[in-house]
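Below is one structure, written out as structure tokens, with a few remarks after it.
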Amino acid sequence: MKPLSSSVLALAPSMTVAIDTRAKELQAAGQDIVALGAGEPDFDTPDHIKDAAIASLREGKTKYTSPTGIPELKQAVSDKLLRENGIQIPPDQIVISSGVKHAVANVLQTLLNPGDEVIIPAPYWVTYPELVKLYGGTPVFVHSSVETGYKITPEALEAAITPRTKAFLLCNPSNPTGMVYGRSDLEAFAKILVKHDVYVISDEIYEHILYDGRKPVSIASLGDDIAALTLIVNGVSKAYAMTGWRIGFFAGPARIAKAIGALQSQATHHPANVSQYAAVAALNGGLEFVYKMGEEFTRRRDFVVAALRAIPGVKAPLPEGAFYALPEVSSFYGKKTPKGKVIQGSLDLCAYLLADELLAVVPGAAFGDDRCIRLSYATSMDNLQKAMDRLRHGLTALV
Ligand code: PMP
Ligand code: GLU
């Protein structure tokens with residue numbers, strides 16, 4: 001048999017997706033698993049969005065669309081960027097894709113030549129480095145830790161830039177850290193990126209899931225120079241509880257939008273017509289829904305962080321956005337489970353929690369920091385209560 005593509009063979013499957021899939025399989029098999037693996041809002045898509053999708057089907061909107069998306073949706077994205085972010089990007093500089101993951105893939109595939117470097121703050125979302133490598137690039141990590149508040153400094157960003165640096169991949173608010181760079185941090189990053197002519201891929205998928213009165217700031221809104229280098233990726237998955245509809249978008253410079261349009265016209269054509277009509281209703285329907293979810297996420301965040309901090313040996317920073325907690329748990333490494341297995345790191349710890357406590361969480365190793373584990377609190381309070389009991393039980397049973 002001939003070998004397969006070496007770049008695809010080198011790809012690690014997404015661990016967040018793998019753990020979520022495993023948890024769902026175990027649940028389907030009747031096991032009482034509490035799943036804090038995937039970051040997926042537990043709320044249902046609002047009815048007015050479903051109704052718009054159903055109406056589009058009844059109107060016969062079931063055929064191919066333009067590869068860059070239906071005009072109504074590109075207009076809705078353009079209007080949203082102006083209204084919510086103060087950014088002017090016309091519809092012909094917007095490309096609708098099949099989720100934000102696809103938008104990230106499109107941007108990286110369009111930007112990268114072999115050996116180009118992409119700077120990624122760590123801990124990072126699992127998918128970023130794998131996609132950079134898939135498209136021939138080299139991920140360059142700038143590390144942060146619980147001790148530095150899971151944030152990188154502008155100096156560290158600048159120190160990582162080389163003549164091969166093509167882009168900086170900024171996830172703000174961050175999955176998995178829950179941390180948020182504010183306006184002054186972003187201004188400092190922007191100055192450096194403009195000075196070195198480096199693109200910023202700005203993943204804004206959690207922009208409206210912010211706590212304690214924070215307001216979203218897109219780095220693209222901080223002046224024309226940085227806007228010309230900013231490649232926004234965003235979508236409706238999280239803000240409107242629409243993960244399964246698969247709608248994301250790219251918004252940025254015209255030549256990049258054009259190249260992504262050509263790529264989609266050959267590779268995927270366009271996301272499902274019906275989902276695009278649903279996304280129009282979502283974006284034009286206001287932010288009341290996401291703010292309501294945010295109130296609930298605030299209650300859950302406070303509960304989860306208090307419960308984590310009450311477990312001796314756990315360090316738990318307070319998330320500022322998104323719906324993830326990333327506690328540092330390395331004080332448990334080297335200890336033994338009741339069955340006598342030594343916990344060597346986050347992978348062992350998560351395997352133990354799943355097997356012995358029926359609790360699914362994601363090892364920090366997947367995000368480039370083995371000292372922590374990630375918990376998604378986009379699930380009900382009942383589940384979170386059970387999860388925290390199980391986590392406390394599992395961790396305190398280690399000796
Ligand atoms: N970016 C980040 C930071 C994410 O956490 C996720 C996870 N859903 C995505 C992109 C992908 O979003 P989508 O489901 O729209 O592909
Ligand atoms: N982004 C979510 C997460 O980090 C969903 C799974 C995925 O796409 O990675 O859990």
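Ligands are numbered from 1 in the order shown, residues from 1 within each chain, and chains are lettered A, B, ... in the order they appear in the structure tokens.
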
Polymer residues at most 8 Å from range 356-367 of chain A, only C-alpha atoms, same-chain spacing of 3 or more positions, as a VMD selection string | chain A and resid 15 to 16 19 to 20 23 31 to 37 122 to 126 176 326 346 to 347 349 to 350 352 to 353 370 to 376 387 390 to 391 393 to 394

Hey, what's within 12 Å of Ala254 in chain A if we count only C-alpha atoms and toss same-chain stuff fewer than 2 positions away? As a PyMOL selection string, please?
-> chain A and resi 89-95+227-231+250-252+256-261

Residues of the last selection are to be written out with C-alpha atoms, as a short mmCIF file (atom, residue, chain, number, x, y, z; two decimals), in the first residue's frame.
```cif
data_model
loop_
_atom_site.label_atom_id
_atom_site.label_comp_id
_atom_site.auth_asym_id
_atom_site.auth_seq_id
_atom_site.Cartn_x
_atom_site.Cartn_y
_atom_site.Cartn_z
CA ILE A 89 -15.55 45.99 6.58
CA PRO A 90 -17.69 45.78 3.44
CA PRO A 91 -19.52 42.55 2.53
CA ASP A 92 -17.09 41.74 -0.30
CA GLN A 93 -14.31 41.43 2.29
CA ILE A 94 -16.27 38.82 4.24
CA VAL A 95 -16.32 35.05 3.61
CA ALA A 227 -6.86 46.96 10.77
CA ALA A 228 -4.93 46.35 7.52
CA LEU A 229 -3.14 43.43 9.20
CA THR A 230 -6.08 41.98 11.14
CA LEU A 231 -7.80 38.83 9.96
CA PHE A 250 -13.60 35.67 7.94
CA ALA A 251 -13.49 39.47 7.73
CA GLY A 252 -10.38 41.35 6.67
CA ILE A 256 -7.16 37.71 1.53
CA ALA A 257 -10.96 37.52 1.27
CA LYS A 258 -10.58 37.00 -2.47
CA ALA A 259 -8.06 34.18 -1.98
CA ILE A 260 -10.24 32.47 0.63
CA GLY A 261 -13.22 32.80 -1.73
#
```

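Running DSSP on the backbone gives strand (DSSP E or B) for these residues within range 320-368 of chain A: Gly321, Tyr324, Ala325, Glu328, Lys336, Val342, Leu359, Ala360, Val362 and Pro363 of chain A.
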
Restricting the calculation to only C-alpha atoms and all ligand atoms, which member of A:Leu354, A:Val194, A:Leu131, A:Val104 is positioned closest to ligand 1?
->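 Looking at the shortest contact to ligand 1, the residue is A:Val104.
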
Using only C-alpha atoms and all ligand atoms, which residue out of A:Lys166, A:Lys151, A:His208, A:Lys238 lies closest to ligand 2?
->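 Using only C-alpha atoms and all ligand atoms, ligand 2 sits closest to A:Lys238.
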
Nearest to ligand 2 by atom-to-atom distance, counting only C-alpha atoms and all ligand atoms, from A:Asp203, A:Glu117, A:Glu72, A:Glu155 =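 Nearest to ligand 2: A:Asp203.
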
Selection near Ala53 in chain A, 7 Å with only C-alpha atoms, sequence-local residues under 6 positions removed, as a PyMOL selection string = chain A and resi 274-275+277-278
